[in-house]
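> The structure is given below, and queries will be raised subsequently.
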Amino acid sequence: MILLAKVQDEAGHGLYLYSAAETLGVSRAQMVADLLSGKAKYSSIFNYPTLTWADIGAIGWLVDGAAIMNQIPLCRCSYGPYARAMVRVCKEESFHQRQGFDIMHTLCRGSDEQKAMAQGALNRWWWPSLMMFGPNDSESKHSAQSMAWKIKRFSNDELRQKFVDATVQQADFLGLRVPDDELRFDEDSGHYRFGEIDWQELFDVIAGNGPCNKQRLEKRRQAHSNGAWVREAAQAYASKQASRAAA
Amino acid sequence: MSKQEWPLYEVFVRSKAGLSHRHAGSVHAPDDQMALDHARDAYTRRSEGVSLWVVRSDSIVASDPAETSAFFEPAKDKIYRHPTFYEIPDGVKNL
Amino acid sequence: MSANQALIAYTLRLADNALILAQRMVELVAAEPELEEELANANFALDFIGQARMFYTYAGELEGQGRSEDDFAFMRDEREFGNLLLLEQPNGHFGDALVRQFLFEAFYLHLLEALMRCSDQRLCEIAARAIKEVKYHFRHSSHWLVRLGDGTELSHNRAQTSLDDAWRYTGEMFTADEIDTAMQENFDGPGLASIHELWRRDIATVVVEATLQLPDDQWMASGGKQGRHSEHLGFLLAEMQYLQRSFPGATW
């Protein structure tokens with residue numbers, strides 16, 4: 001039930017942000033067309049499969065956690081409609097992350113099979129979550145411009161570091177092992193040092209060659225084309241009503 | 001036919017404790033009645049509101065951002081509109 | 001059966017209706033024709049899940065054997081579910097799902113109104129909460145039926161076919177069995193014959209506005225209320241119950 005509420009929130013976030021983007025002069029129809037044609041990019045993380053209930057927990061904890069790191073600064077970005085949408089989004093996101101963590105916590109205090117399910121999910125979602133912050137600052141193409149315009153306010157690496165520092169402690173609390181042999185706490189800097197991300201995997205996924213890219217987009221295309229007759233019916237009715245009123 | 005889309009509506013919500021409707025965002029809908037439905041589902045599902053207004057976005061007349069200074073700044077010079085411009089003589093109460 | 005047993009069975013049917021319908025609606029997530037409709041579908045499914053929880057919880061208390069809402073939802077077999085056949089039918093396209101919603105909610109609205117006047121305090125309370133939600137659902141479904149019926153030629157034909165196909169499942173809603181009768185006699189429960197009249201009146205109004213035809217009465221399917229289901233329910237439950245059944249006794 002809570003998962004459904006979360007899913008609904010996410011659809012709502014799409015709606016708020018499409019609305020904000022429309023204020024810049026591009027239509028919803030155009031943005032949807034760009035998404036379905038593969039032209040518009042969406043977060044790499046959505047191209048990974050959700051295999052078990054523990055994945056739902058890991059996604060809430062890690063993916064929503066990473067998203068929140070990115071999103072909170074956007075609430076104060078320089079473009080009004082975007083900032084306003086993000087305020088709404090952030091309010092809703094914090095419940096998502098807590099729900100995810102709560103699921104993981106329950107599993108980790110459950111049976112051996114449940115705990116193994118939780119560890120398995122962490123193993124599969126850890127690195128993709130770190131990749132959500134994008135390439136290293138030195139490699140990031142769009143960062144410079146977004147930062148100059150005060151849309152993006154912290155760099156990829158800064159946010160990624162913040163995320164690792166917060167999340168490793170949470171994993172320790174859960175009694176789970178982060179799947180990184182090089183992970184260690186560095187006393188001098190007060191930060192966790194972590195291993196190298198497999199950048200090839202990120203680039204493959206962004207280029208459309210992740211485990212689920214094809215399937216995800218296909219589902220959206222199908223839904224959109226299956227719904228055409230419904231959208232058209234509603235428009236036809238609206239036109240008829242307008243003519244009837246004018247007559 | 002499929003290139004057409006549902007028109008855009010702006011949504012205004014007045015909350016239980018609120019005195020006026022505030023702009024909450026926008027929705028697409030085929031007509032006014034559905035716009036209300038969609039606005040209700042998008043912007044009031046956490047009991048945010050007691051009253052909902054929806055307006056077709058193309059019906060809104062807005063001030064031109066390029067003319068902000070001509071439109072709004074003269075008011076800044078006219079300080080006699082502000083109550084603090086007037087000095088109250090000592091000894092006068094309730095003014 | 002005793003009055004209490006009838007009450008438990010009746011309450012479980014209410015819960016099962018809400019749960020099975022919600023489960024079908026959840027299958028529609030990410031398949032709606034427009035983003036705004038995604039939000040509506042999810043809202044309504046959440047409303048139904050909430051109602052199912054209230055009814056299951058009450059049934060568990062009445063039964064007094066320690067069964068929780070999860071036990072009822074996830075650990076019972078098909079033949080123990082008393083939901084209407086209408087609600088377990090596969091989703092089909094947008095029109096099929098919409099017509100199912102429309103036909104059921106018109107009935108459910110009047111059922112809830114009647115339950116608000118019955119002598120069981122708890123059912124009254126649950127009904128009072130649910131009816132606000134269902135009123136809005138029915139309004140929304142009616143809006144859509146009108147737009148499909150009076151939209152394009154394609155949408156009109158599809159909506160008519162959906163209505164024709166769903167009609168044989170509507171009779172079950174109004175056919176009283178010994179549990180319905182026991183509810184009426186012991187708890188001032190809903191009278192299905194009068195609800196049938198109200199339902200026909202309400203749906204006819206919308207169907208006419210939608211330029212559609214009410215199907216002729218025909219042979220009506222039944223058995224759902226008594227646990228004799230279509231082949232569809234087994235698959236639905238298998239998917240819904242898989243996790244709980246694989247790890248019995250686990251806490252989630």
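Letters A, B, ... mark the chains of the structure tokens in the order given; residue numbers begin at 1 per chain; ligand numbers begin at 1, in order shown.
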Which residues are near segment 20-22 of chain B? Cut-off 10 Å, only C-alpha atoms, ignore same chain within fewer than 4 positions. Put them as a list in words.
Val11, Phe12, Val13, Arg14, Ser15, Gly49, Val50, Ser51, Leu52 and Trp53 of chain B
> Could the residues in this selection be saved with all heavy atoms as a compact mmCIF listing (two decimals), in the first residue's frame?

# COMPACT_ATOMS: atom_id res chain seq x y z
N VAL B 11 -3.49 25.46 -11.86
CA VAL B 11 -4.27 25.01 -10.70
C VAL B 11 -3.99 25.90 -9.50
O VAL B 11 -2.84 26.20 -9.20
CB VAL B 11 -3.87 23.56 -10.34
CG1 VAL B 11 -4.63 23.07 -9.12
CG2 VAL B 11 -4.10 22.64 -11.53
N PHE B 12 -5.05 26.30 -8.82
CA PHE B 12 -4.93 27.15 -7.63
C PHE B 12 -5.67 26.44 -6.49
O PHE B 12 -6.81 26.04 -6.64
CB PHE B 12 -5.55 28.52 -7.89
CG PHE B 12 -4.90 29.26 -9.03
CD1 PHE B 12 -5.28 29.02 -10.34
CD2 PHE B 12 -3.88 30.18 -8.79
CE1 PHE B 12 -4.66 29.68 -11.40
CE2 PHE B 12 -3.25 30.84 -9.84
CZ PHE B 12 -3.64 30.59 -11.15
N VAL B 13 -4.98 26.32 -5.36
CA VAL B 13 -5.56 25.60 -4.22
C VAL B 13 -5.67 26.51 -3.01
O VAL B 13 -4.71 27.24 -2.70
CB VAL B 13 -4.65 24.40 -3.81
CG1 VAL B 13 -5.27 23.60 -2.68
CG2 VAL B 13 -4.37 23.49 -5.01
N ARG B 14 -6.82 26.45 -2.36
CA ARG B 14 -6.90 27.15 -1.07
C ARG B 14 -6.93 26.09 0.01
O ARG B 14 -7.75 25.18 -0.02
CB ARG B 14 -8.14 28.04 -0.99
CG ARG B 14 -8.20 28.85 0.34
CD ARG B 14 -9.22 29.97 0.28
NE ARG B 14 -10.58 29.48 0.20
CZ ARG B 14 -11.29 28.98 1.22
NH1 ARG B 14 -10.74 28.89 2.42
NH2 ARG B 14 -12.52 28.56 1.03
N SER B 15 -5.99 26.21 0.93
CA SER B 15 -5.91 25.19 1.98
C SER B 15 -6.92 25.50 3.08
O SER B 15 -7.46 26.60 3.15
CB SER B 15 -4.51 25.15 2.57
OG SER B 15 -4.23 26.37 3.21
N GLY B 49 -6.25 20.76 0.46
CA GLY B 49 -7.14 21.85 0.07
C GLY B 49 -8.59 21.70 0.42
O GLY B 49 -9.10 20.61 0.64
N VAL B 50 -9.27 22.84 0.46
CA VAL B 50 -10.72 22.84 0.57
C VAL B 50 -11.35 23.45 -0.68
O VAL B 50 -12.55 23.34 -0.86
CB VAL B 50 -11.24 23.58 1.82
CG1 VAL B 50 -10.76 22.89 3.07
CG2 VAL B 50 -10.81 25.03 1.83
N SER B 51 -10.56 24.14 -1.47
CA SER B 51 -11.14 24.74 -2.67
C SER B 51 -10.12 24.72 -3.80
O SER B 51 -8.94 24.95 -3.59
CB SER B 51 -11.57 26.17 -2.35
OG SER B 51 -11.95 26.83 -3.55
N LEU B 52 -10.61 24.42 -4.99
CA LEU B 52 -9.74 24.26 -6.14
C LEU B 52 -10.25 25.14 -7.27
O LEU B 52 -11.44 25.15 -7.56
CB LEU B 52 -9.86 22.79 -6.56
CG LEU B 52 -8.75 22.04 -7.21
CD1 LEU B 52 -7.45 22.17 -6.46
CD2 LEU B 52 -9.14 20.56 -7.25
N TRP B 53 -9.35 25.89 -7.88
CA TRP B 53 -9.70 26.62 -9.11
C TRP B 53 -8.82 26.08 -10.21
O TRP B 53 -7.63 25.87 -10.01
CB TRP B 53 -9.37 28.12 -8.97
CG TRP B 53 -10.27 28.92 -8.10
CD1 TRP B 53 -11.46 28.55 -7.55
CD2 TRP B 53 -10.03 30.27 -7.69
NE1 TRP B 53 -11.96 29.60 -6.81
CE2 TRP B 53 -11.12 30.68 -6.89
CE3 TRP B 53 -9.01 31.19 -7.95
CZ2 TRP B 53 -11.21 31.95 -6.32
CZ3 TRP B 53 -9.10 32.45 -7.39
CH2 TRP B 53 -10.19 32.83 -6.58
> With 7 Å as the limit and counting only C-alpha atoms, what residues in chain C lie close to chain B? Please list them as an NGL selection string.
:C and (36 or 39-40)
> May I have the residues of chain A within 6 Å of chain B, counting only C-alpha atoms, written as a list in words?
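The selection requested is Ser19, Ala234, Gln235 and Ala238 of chain A.
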> Taking only C-alpha atoms into account, report as a list in words which residues of chain A lie within 8 Å of chain C.
Met1, Leu4, Ala5, Gln8, Ala11, Gly12, Leu15, Ile103, Thr106, Leu107, Gly110, Ser111, Lys219, Arg220, Gln222, Ala223, His224, Asn226, Gly227, Ala228, Trp229, Val230, Arg231, Glu232, Ala233, Ala234, Gln235, Ala236 and Tyr237 of chain A
> Any chance you could export the current selection's N, CA, C and O atoms as a compact mmCIF listing (two decimals), in the first residue's frame?

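What ended up in again29.txt:
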# COMPACT_ATOMS: atom_id res chain seq x y z
N MET A 1 0.84 -1.19 0.00
CA MET A 1 0.00 0.00 0.00
C MET A 1 0.88 1.25 0.00
O MET A 1 0.66 2.18 -0.75
N LEU A 4 2.55 1.63 -3.27
CA LEU A 4 1.69 2.23 -4.28
C LEU A 4 1.65 3.75 -4.11
O LEU A 4 1.69 4.50 -5.08
N ALA A 5 1.60 4.18 -2.84
CA ALA A 5 1.58 5.63 -2.59
C ALA A 5 2.88 6.26 -3.09
O ALA A 5 2.89 7.35 -3.65
N GLN A 8 2.83 6.43 -6.84
CA GLN A 8 1.97 7.53 -7.24
C GLN A 8 2.70 8.87 -7.10
O GLN A 8 2.63 9.73 -7.97
N ALA A 11 4.99 9.40 -10.00
CA ALA A 11 4.28 9.86 -11.21
C ALA A 11 3.96 11.34 -11.06
O ALA A 11 4.09 12.11 -12.01
N GLY A 12 3.58 11.71 -9.86
CA GLY A 12 3.29 13.12 -9.58
C GLY A 12 4.51 14.00 -9.79
O GLY A 12 4.40 15.11 -10.33
N LEU A 15 4.86 14.74 -13.26
CA LEU A 15 3.88 15.75 -13.65
C LEU A 15 4.33 17.15 -13.25
O LEU A 15 4.29 18.08 -14.05
N ILE A 103 12.07 -0.96 5.36
CA ILE A 103 11.98 -2.30 4.79
C ILE A 103 13.29 -3.06 5.03
O ILE A 103 13.29 -4.21 5.48
N THR A 106 13.63 -4.08 8.65
CA THR A 106 12.78 -5.22 8.98
C THR A 106 13.40 -6.52 8.47
O THR A 106 13.43 -7.53 9.18
N LEU A 107 13.90 -6.49 7.24
CA LEU A 107 14.51 -7.69 6.67
C LEU A 107 15.74 -8.11 7.46
O LEU A 107 15.96 -9.31 7.72
N GLY A 110 15.03 -10.02 10.42
CA GLY A 110 14.15 -11.16 10.19
C GLY A 110 14.90 -12.48 10.10
O GLY A 110 15.90 -12.70 10.78
N SER A 111 14.42 -13.34 9.21
CA SER A 111 15.03 -14.66 9.08
C SER A 111 16.34 -14.55 8.30
O SER A 111 16.63 -13.53 7.68
N LYS A 219 7.77 -0.34 -22.70
CA LYS A 219 6.58 -0.27 -21.87
C LYS A 219 5.93 1.12 -21.98
O LYS A 219 4.71 1.25 -22.10
N ARG A 220 6.75 2.17 -21.93
CA ARG A 220 6.22 3.53 -22.05
C ARG A 220 5.60 3.75 -23.42
O ARG A 220 4.53 4.35 -23.54
N GLN A 222 4.34 1.54 -25.44
CA GLN A 222 3.11 0.76 -25.53
C GLN A 222 1.98 1.47 -24.80
O GLN A 222 0.87 1.58 -25.31
N ALA A 223 2.27 1.92 -23.59
CA ALA A 223 1.23 2.58 -22.80
C ALA A 223 0.73 3.80 -23.54
O ALA A 223 -0.47 4.06 -23.63
N HIS A 224 1.66 4.56 -24.11
CA HIS A 224 1.29 5.77 -24.81
C HIS A 224 0.48 5.47 -26.05
O HIS A 224 -0.56 6.10 -26.30
N ASN A 226 -1.20 2.64 -26.72
CA ASN A 226 -2.47 2.01 -26.33
C ASN A 226 -3.48 3.04 -25.85
O ASN A 226 -4.68 2.80 -25.91
N GLY A 227 -2.98 4.13 -25.34
CA GLY A 227 -3.88 5.15 -24.78
C GLY A 227 -4.34 6.19 -25.79
O GLY A 227 -5.18 7.02 -25.46
N ALA A 228 -3.84 6.12 -27.00
CA ALA A 228 -4.18 7.16 -27.98
C ALA A 228 -5.68 7.28 -28.19
O ALA A 228 -6.22 8.39 -28.21
N TRP A 229 -6.37 6.16 -28.32
CA TRP A 229 -7.81 6.20 -28.59
C TRP A 229 -8.58 6.87 -27.46
O TRP A 229 -9.61 7.53 -27.69
N VAL A 230 -8.05 6.73 -26.25
CA VAL A 230 -8.70 7.34 -25.08
C VAL A 230 -8.50 8.85 -25.10
O VAL A 230 -9.45 9.62 -24.91
N ARG A 231 -7.27 9.26 -25.35
CA ARG A 231 -6.99 10.70 -25.39
C ARG A 231 -7.79 11.36 -26.50
O ARG A 231 -8.33 12.46 -26.32
N GLU A 232 -7.87 10.68 -27.62
CA GLU A 232 -8.61 11.23 -28.76
C GLU A 232 -10.10 11.32 -28.46
O GLU A 232 -10.76 12.27 -28.86
N ALA A 233 -10.62 10.30 -27.78
CA ALA A 233 -12.04 10.32 -27.42
C ALA A 233 -12.34 11.54 -26.57
O ALA A 233 -13.33 12.26 -26.79
N ALA A 234 -11.48 11.79 -25.59
CA ALA A 234 -11.71 12.93 -24.70
C ALA A 234 -11.65 14.24 -25.47
O ALA A 234 -12.45 15.15 -25.23
N GLN A 235 -10.73 14.34 -26.40
CA GLN A 235 -10.64 15.57 -27.20
C GLN A 235 -11.86 15.73 -28.09
O GLN A 235 -12.39 16.83 -28.24
N ALA A 236 -12.32 14.61 -28.67
CA ALA A 236 -13.48 14.67 -29.57
C ALA A 236 -14.69 15.15 -28.78
O ALA A 236 -15.46 16.00 -29.23
N TYR A 237 -14.86 14.61 -27.57
CA TYR A 237 -15.98 15.02 -26.73
C TYR A 237 -15.90 16.50 -26.42
O TYR A 237 -16.90 17.22 -26.48
> Check which residues of segment 58-169 of chain C sit at most 10 Å from segment 238-241 of chain C using only C-alpha atoms, and return one row each with the closest pair of atoms and their distance in Å to one decimal, ordered by chain and rising number, as CSV.

residue,atom,partner,partner_atom,distance
C:Asp70,CA,C:Gln241,CA,9.8
C:Ala73,CA,C:Gln241,CA,7.9
C:Phe74,CA,C:Gln241,CA,4.9
C:Met75,CA,C:Gln241,CA,7.2
C:Arg76,CA,C:Gln241,CA,9.0
C:Asp77,CA,C:Ala238,CA,9.5
C:Glu78,CA,C:Ala238,CA,9.6
> Record the distance separating atom CA of Ala118 of chain A and atom CA of Asp55 of chain A, expressed in Å with one decimal.
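We find that atom CA of Ala118 of chain A and atom CA of Asp55 of chain A lie 7.5 Å from each other.
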> Give me every alpha helix (DSSP H) residue in segment 17-146 of chain A, going by DSSP on the backbone, as a PyMOL selection string.
chain A and resi 17-22+28-37+53-58+65-74+80-108+112-131+143-146
> Could you give me, as a list in words, the residues within 7 Å of segment 26-41 of chain A, counting only C-alpha atoms and dropping anything in the same chain fewer than 2 positions from it?
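Listing them by chain and then by number gives Tyr18, Ala21, Glu22, Leu24, Ser43, Leu217, Arg220 and Arg221 of chain A; Glu5 of chain B.
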> For Ala166 of chain C, which of C:Gln218, C:Asn83, C:Gln226, C:Gln184 is the closest residue, counting only C-alpha atoms?
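Between C:Gln218, C:Asn83, C:Gln226, C:Gln184, the residue approaching Ala166 of chain C most closely is C:Gln218.
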> With only C-alpha atoms as the atoms that count, which of B:Val54, B:His23, B:Lys16, B:Asn94 lies nearest to Leu36 of chain B?
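Looking only at the distances to Leu36 of chain B, the closest residue turns out to be B:Val54.
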